[in-house]
Amino acid sequence: MTLKNVKPSLNKITKSLAVTQDSREFLLKNTREIISLCSKSIIAVHKGELVTAKNNLKQAEKLLKKYKKKATGQLRRYLITPEQEYVEAACLIAVVKKKDIPSDKKLAVMPESYVLGLLDCVGELKRRVFDEMRKGNIDEAIRFFEIMENLYLQLYTFSLYDKVIKEARRKIDVNRILVDDVRSAITEEKRRIELIKALEKLEK
């Protein structure tokens with residue numbers, strides 16, 4: 001009979017696919033907690049609560065290590081989003097603490113996750129720039145802007161790999177606009193400060 005090999009083959013494939021599907025659903029469900037912890041970490045950074053930010057990041061790191069054991073083969077792609085959020089939070093904390101941005105090896109993440117996380121970090125740095133400007137800390141605002149701009153310039157060429165790193169080009173296009181907006185805002189603020197200083201000299 002010509003179909004005698006089909007049924008056992010399909011049975012074996014069915015079992016394999018069932019395992020893969022269960023693992024996929026498990027990862028999608030449980031990695032949401034990682035994304036939530038990373039979001040809380042970023043919010044804490046902006047509030048100036050660095051201890052809370054680092055604690056949330058450590059919890060996210062522990063969960064990532066745990067779920068990586070289940071994400072083998074094609075299932076690894078379901079870790080890109082949580083890893084991306086992890087990279088974003090870790091890099092933001094490093095910049096705020098005036099430390100070197102960690103490497104992909106140090107964070108133990110996939111290349112795609114690292115690039116996308118750094119791209120997202122550019123947006124968070126914009127927020128830091130405006131927060132410092134509102135406080136009157138123009139020097140600190142400039143420090144954040146310079147890091148933000150340098151990150152963008154180093155990531156710019158990754159738009160070539162948009163087919164490999166999903167949404168890289170879109171994020172880079174958005175970042176270009178963010179960098180230009182922040183540059184204009186800082187230039188305007190510096191002129192305002194210089195004008196105030198000039199007026200104060202005239203009053204003396």
# chains A, B, ... in the order shown; residues from 1 in each chain; ligands from 1

$ residues_around --residues "Ile101 of chain A" --least-positions-apart "6" --cutoff "12 Å" --atoms "only C-alpha atoms" --output "count of residues only"
17

$ residues_around --residues "Ala185 of chain A" --least-positions-apart "3" --cutoff "12 Å" --atoms "only C-alpha atoms" --output "ChimeraX atom specification"
/A:126,129-130,133-134,138,141-142,145,178-182,188-192

$ closest_residue --among "A:Asn11, A:Ser36, A:Thr157, A:Thr187" --to "Pro82 of chain A" --atoms "only C-alpha atoms"
A:Ser36

$ residues_around --residues "Ala60 of chain A" --least-positions-apart "5" --cutoff "8 Å" --atoms "only C-alpha atoms" --output "VMD selection string"
chain A and resid 33 to 35 37 to 38 86

$ closest_residue --among "A:Leu50, A:Ile177, A:Leu195, A:Val45" --to "Gly123 of chain A" --atoms "only C-alpha atoms"
A:Ile177

$ closest_residue --among "A:Leu27, A:Ala108, A:Ala18, A:Ala168" --to "Glu61 of chain A" --atoms "only C-alpha atoms"
A:Ala108

$ residues_around --residues "His46 of chain A" --least-positions-apart "3" --cutoff "10 Å" --atoms "only C-alpha atoms" --output "ChimeraX atom specification"
/A:41-43,49-50,53,92-93,96,124-125,127-128,131

$ write_last_selection --atoms "N, CA and C atoms" --output "PDB file, in the first residue's frame"
ATOM      1  N   SER A  41      11.302  49.022  35.217  1.00  0.00           N
ATOM      2  CA  SER A  41      12.681  49.450  35.433  1.00  0.00           C
ATOM      3  C   SER A  41      12.931  50.808  34.773  1.00  0.00           C
ATOM      4  N   ILE A  42      12.479  50.956  33.538  1.00  0.00           N
ATOM      5  CA  ILE A  42      12.656  52.210  32.796  1.00  0.00           C
ATOM      6  C   ILE A  42      11.899  53.354  33.470  1.00  0.00           C
ATOM      7  N   ILE A  43      10.675  53.078  33.899  1.00  0.00           N
ATOM      8  CA  ILE A  43       9.883  54.098  34.593  1.00  0.00           C
ATOM      9  C   ILE A  43      10.586  54.545  35.873  1.00  0.00           C
ATOM     10  N   GLU A  49      14.589  56.541  40.676  1.00  0.00           N
ATOM     11  CA  GLU A  49      14.622  55.421  41.632  1.00  0.00           C
ATOM     12  C   GLU A  49      15.498  54.303  41.061  1.00  0.00           C
ATOM     13  N   LEU A  50      16.819  54.521  41.080  1.00  0.00           N
ATOM     14  CA  LEU A  50      17.744  53.593  40.437  1.00  0.00           C
ATOM     15  C   LEU A  50      17.823  52.237  41.132  1.00  0.00           C
ATOM     16  N   ALA A  53      14.944  50.343  39.896  1.00  0.00           N
ATOM     17  CA  ALA A  53      15.194  50.028  38.484  1.00  0.00           C
ATOM     18  C   ALA A  53      16.118  48.824  38.349  1.00  0.00           C
ATOM     19  N   LEU A  92      19.890  52.028  29.434  1.00  0.00           N
ATOM     20  CA  LEU A  92      19.454  53.295  30.021  1.00  0.00           C
ATOM     21  C   LEU A  92      20.035  53.469  31.417  1.00  0.00           C
ATOM     22  N   ILE A  93      19.994  52.416  32.211  1.00  0.00           N
ATOM     23  CA  ILE A  93      20.565  52.467  33.568  1.00  0.00           C
ATOM     24  C   ILE A  93      22.064  52.781  33.499  1.00  0.00           C
ATOM     25  N   VAL A  96      22.618  56.516  32.605  1.00  0.00           N
ATOM     26  CA  VAL A  96      22.263  57.385  33.733  1.00  0.00           C
ATOM     27  C   VAL A  96      23.332  57.318  34.816  1.00  0.00           C
ATOM     28  N   GLU A 124      14.357  56.740  24.859  1.00  0.00           N
ATOM     29  CA  GLU A 124      14.368  56.989  26.302  1.00  0.00           C
ATOM     30  C   GLU A 124      15.382  58.075  26.657  1.00  0.00           C
ATOM     31  N   LEU A 125      16.472  58.141  25.899  1.00  0.00           N
ATOM     32  CA  LEU A 125      17.468  59.184  26.140  1.00  0.00           C
ATOM     33  C   LEU A 125      16.915  60.562  25.786  1.00  0.00           C
ATOM     34  N   ARG A 127      13.912  61.490  26.289  1.00  0.00           N
ATOM     35  CA  ARG A 127      13.129  61.869  27.467  1.00  0.00           C
ATOM     36  C   ARG A 127      14.037  62.391  28.576  1.00  0.00           C
ATOM     37  N   ARG A 128      15.190  61.750  28.748  1.00  0.00           N
ATOM     38  CA  ARG A 128      16.149  62.199  29.767  1.00  0.00           C
ATOM     39  C   ARG A 128      16.664  63.597  29.455  1.00  0.00           C
ATOM     40  N   ASP A 131      13.988  66.060  30.408  1.00  0.00           N
ATOM     41  CA  ASP A 131      13.862  66.103  31.875  1.00  0.00           C
ATOM     42  C   ASP A 131      14.959  66.983  32.474  1.00  0.00           C
TER      43      ASP A 131
END

$ select_by_dssp --residues "segment 99-133 of chain A" --states "helix (DSSP H, G or I)" --output "JSON, numbers by chain"
{"A": [104, 105, 106, 107, 111, 112, 113, 114, 115, 116, 117, 118, 119, 120, 121, 122, 123, 124, 125, 126, 127, 128, 129, 130, 131, 132, 133]}

$ closest_residue --among "A:Leu28, A:Leu63, A:Leu57, A:Val51" --to "Leu75 of chain A" --atoms "only C-alpha atoms"
A:Leu28

$ closest_residue --among "A:Lys58, A:Arg77, A:Arg143, A:Lys201" --to "Arg24 of chain A" --atoms "only C-alpha atoms"
A:Arg77

$ residues_around --residues "Lys68 of chain A" --least-positions-apart "2" --cutoff "12 Å" --atoms "only C-alpha atoms" --output "PyMOL selection string"
chain A and resi 23+26-27+30-31+61-66+70-80+82-83+108-110

$ decode --residues "segment 31-59 of chain A" --atoms "N, CA, C and O atoms" --output "PDB file, in the first residue's frame"
ATOM      1  N   THR A  31       6.902  35.307  29.133  1.00  0.00           N
ATOM      2  CA  THR A  31       7.854  36.390  28.876  1.00  0.00           C
ATOM      3  C   THR A  31       7.203  37.765  29.015  1.00  0.00           C
ATOM      4  O   THR A  31       7.903  38.774  29.052  1.00  0.00           O
ATOM      5  N   ARG A  32       5.885  37.794  29.111  1.00  0.00           N
ATOM      6  CA  ARG A  32       5.207  39.084  29.351  1.00  0.00           C
ATOM      7  C   ARG A  32       5.660  39.693  30.670  1.00  0.00           C
ATOM      8  O   ARG A  32       5.725  40.913  30.819  1.00  0.00           O
ATOM      9  N   GLU A  33       5.966  38.829  31.629  1.00  0.00           N
ATOM     10  CA  GLU A  33       6.438  39.319  32.928  1.00  0.00           C
ATOM     11  C   GLU A  33       7.797  40.003  32.785  1.00  0.00           C
ATOM     12  O   GLU A  33       8.069  41.013  33.455  1.00  0.00           O
ATOM     13  N   ILE A  34       8.634  39.488  31.909  1.00  0.00           N
ATOM     14  CA  ILE A  34       9.942  40.104  31.656  1.00  0.00           C
ATOM     15  C   ILE A  34       9.752  41.492  31.063  1.00  0.00           C
ATOM     16  O   ILE A  34      10.387  42.468  31.499  1.00  0.00           O
ATOM     17  N   ILE A  35       8.879  41.591  30.087  1.00  0.00           N
ATOM     18  CA  ILE A  35       8.597  42.875  29.439  1.00  0.00           C
ATOM     19  C   ILE A  35       8.060  43.874  30.453  1.00  0.00           C
ATOM     20  O   ILE A  35       8.455  45.048  30.474  1.00  0.00           O
ATOM     21  N   SER A  36       7.170  43.409  31.330  1.00  0.00           N
ATOM     22  CA  SER A  36       6.598  44.270  32.370  1.00  0.00           C
ATOM     23  C   SER A  36       7.667  44.754  33.343  1.00  0.00           C
ATOM     24  O   SER A  36       7.709  45.935  33.702  1.00  0.00           O
ATOM     25  N   LEU A  37       8.550  43.854  33.763  1.00  0.00           N
ATOM     26  CA  LEU A  37       9.620  44.219  34.696  1.00  0.00           C
ATOM     27  C   LEU A  37      10.571  45.242  34.075  1.00  0.00           C
ATOM     28  O   LEU A  37      11.008  46.185  34.747  1.00  0.00           O
ATOM     29  N   CYS A  38      10.875  45.073  32.807  1.00  0.00           N
ATOM     30  CA  CYS A  38      11.760  46.016  32.110  1.00  0.00           C
ATOM     31  C   CYS A  38      11.104  47.384  31.966  1.00  0.00           C
ATOM     32  O   CYS A  38      11.769  48.414  32.123  1.00  0.00           O
ATOM     33  N   SER A  39       9.802  47.393  31.692  1.00  0.00           N
ATOM     34  CA  SER A  39       9.065  48.666  31.601  1.00  0.00           C
ATOM     35  C   SER A  39       9.068  49.377  32.949  1.00  0.00           C
ATOM     36  O   SER A  39       9.268  50.598  33.023  1.00  0.00           O
ATOM     37  N   LYS A  40       8.862  48.611  34.016  1.00  0.00           N
ATOM     38  CA  LYS A  40       8.899  49.187  35.365  1.00  0.00           C
ATOM     39  C   LYS A  40      10.288  49.725  35.698  1.00  0.00           C
ATOM     40  O   LYS A  40      10.435  50.751  36.374  1.00  0.00           O
ATOM     41  N   SER A  41      11.302  49.022  35.217  1.00  0.00           N
ATOM     42  CA  SER A  41      12.681  49.450  35.433  1.00  0.00           C
ATOM     43  C   SER A  41      12.931  50.808  34.773  1.00  0.00           C
ATOM     44  O   SER A  41      13.522  51.707  35.374  1.00  0.00           O
ATOM     45  N   ILE A  42      12.479  50.956  33.538  1.00  0.00           N
ATOM     46  CA  ILE A  42      12.656  52.210  32.796  1.00  0.00           C
ATOM     47  C   ILE A  42      11.899  53.354  33.470  1.00  0.00           C
ATOM     48  O   ILE A  42      12.425  54.466  33.620  1.00  0.00           O
ATOM     49  N   ILE A  43      10.675  53.078  33.899  1.00  0.00           N
ATOM     50  CA  ILE A  43       9.883  54.098  34.593  1.00  0.00           C
ATOM     51  C   ILE A  43      10.586  54.545  35.873  1.00  0.00           C
ATOM     52  O   ILE A  43      10.651  55.732  36.190  1.00  0.00           O
ATOM     53  N   ALA A  44      11.148  53.574  36.595  1.00  0.00           N
ATOM     54  CA  ALA A  44      11.870  53.876  37.836  1.00  0.00           C
ATOM     55  C   ALA A  44      13.093  54.750  37.568  1.00  0.00           C
ATOM     56  O   ALA A  44      13.397  55.662  38.348  1.00  0.00           O
ATOM     57  N   VAL A  45      13.775  54.494  36.464  1.00  0.00           N
ATOM     58  CA  VAL A  45      14.944  55.316  36.096  1.00  0.00           C
ATOM     59  C   VAL A  45      14.525  56.769  35.923  1.00  0.00           C
ATOM     60  O   VAL A  45      15.164  57.688  36.449  1.00  0.00           O
ATOM     61  N   HIS A  46      13.438  56.985  35.208  1.00  0.00           N
ATOM     62  CA  HIS A  46      12.968  58.346  34.957  1.00  0.00           C
ATOM     63  C   HIS A  46      12.484  59.033  36.236  1.00  0.00           C
ATOM     64  O   HIS A  46      12.489  60.264  36.324  1.00  0.00           O
ATOM     65  N   LYS A  47      12.087  58.236  37.205  1.00  0.00           N
ATOM     66  CA  LYS A  47      11.668  58.796  38.498  1.00  0.00           C
ATOM     67  C   LYS A  47      12.853  59.030  39.430  1.00  0.00           C
ATOM     68  O   LYS A  47      12.688  59.567  40.526  1.00  0.00           O
ATOM     69  N   GLY A  48      14.025  58.594  38.985  1.00  0.00           N
ATOM     70  CA  GLY A  48      15.211  58.729  39.821  1.00  0.00           C
ATOM     71  C   GLY A  48      15.360  57.631  40.851  1.00  0.00           C
ATOM     72  O   GLY A  48      16.154  57.734  41.781  1.00  0.00           O
ATOM     73  N   GLU A  49      14.589  56.541  40.676  1.00  0.00           N
ATOM     74  CA  GLU A  49      14.622  55.421  41.632  1.00  0.00           C
ATOM     75  C   GLU A  49      15.498  54.303  41.061  1.00  0.00           C
ATOM     76  O   GLU A  49      15.022  53.262  40.631  1.00  0.00           O
ATOM     77  N   LEU A  50      16.819  54.521  41.080  1.00  0.00           N
ATOM     78  CA  LEU A  50      17.744  53.593  40.437  1.00  0.00           C
ATOM     79  C   LEU A  50      17.823  52.237  41.132  1.00  0.00           C
ATOM     80  O   LEU A  50      18.046  51.217  40.472  1.00  0.00           O
ATOM     81  N   VAL A  51      17.649  52.227  42.443  1.00  0.00           N
ATOM     82  CA  VAL A  51      17.688  50.945  43.171  1.00  0.00           C
ATOM     83  C   VAL A  51      16.534  50.058  42.711  1.00  0.00           C
ATOM     84  O   VAL A  51      16.718  48.865  42.422  1.00  0.00           O
ATOM     85  N   THR A  52      15.349  50.642  42.627  1.00  0.00           N
ATOM     86  CA  THR A  52      14.172  49.912  42.142  1.00  0.00           C
ATOM     87  C   THR A  52      14.377  49.462  40.700  1.00  0.00           C
ATOM     88  O   THR A  52      14.040  48.327  40.335  1.00  0.00           O
ATOM     89  N   ALA A  53      14.944  50.343  39.896  1.00  0.00           N
ATOM     90  CA  ALA A  53      15.194  50.028  38.484  1.00  0.00           C
ATOM     91  C   ALA A  53      16.118  48.824  38.349  1.00  0.00           C
ATOM     92  O   ALA A  53      15.855  47.901  37.564  1.00  0.00           O
ATOM     93  N   LYS A  54      17.191  48.807  39.119  1.00  0.00           N
ATOM     94  CA  LYS A  54      18.154  47.703  39.060  1.00  0.00           C
ATOM     95  C   LYS A  54      17.547  46.403  39.582  1.00  0.00           C
ATOM     96  O   LYS A  54      17.813  45.329  39.041  1.00  0.00           O
ATOM     97  N   ASN A  55      16.720  46.494  40.622  1.00  0.00           N
ATOM     98  CA  ASN A  55      16.074  45.294  41.166  1.00  0.00           C
ATOM     99  C   ASN A  55      15.126  44.663  40.145  1.00  0.00           C
ATOM    100  O   ASN A  55      15.090  43.440  39.990  1.00  0.00           O
ATOM    101  N   ASN A  56      14.347  45.506  39.471  1.00  0.00           N
ATOM    102  CA  ASN A  56      13.438  45.003  38.436  1.00  0.00           C
ATOM    103  C   ASN A  56      14.216  44.363  37.294  1.00  0.00           C
ATOM    104  O   ASN A  56      13.818  43.327  36.752  1.00  0.00           O
ATOM    105  N   LEU A  57      15.352  44.983  36.952  1.00  0.00           N
ATOM    106  CA  LEU A  57      16.179  44.452  35.868  1.00  0.00           C
ATOM    107  C   LEU A  57      16.769  43.096  36.244  1.00  0.00           C
ATOM    108  O   LEU A  57      16.837  42.179  35.416  1.00  0.00           O
ATOM    109  N   LYS A  58      17.190  42.946  37.485  1.00  0.00           N
ATOM    110  CA  LYS A  58      17.743  41.672  37.952  1.00  0.00           C
ATOM    111  C   LYS A  58      16.705  40.564  37.905  1.00  0.00           C
ATOM    112  O   LYS A  58      17.005  39.426  37.531  1.00  0.00           O
ATOM    113  N   GLN A  59      15.462  40.902  38.278  1.00  0.00           N
ATOM    114  CA  GLN A  59      14.383  39.907  38.208  1.00  0.00           C
ATOM    115  C   GLN A  59      14.136  39.486  36.768  1.00  0.00           C
ATOM    116  O   GLN A  59      13.931  38.300  36.471  1.00  0.00           O
TER     117      GLN A  59
END
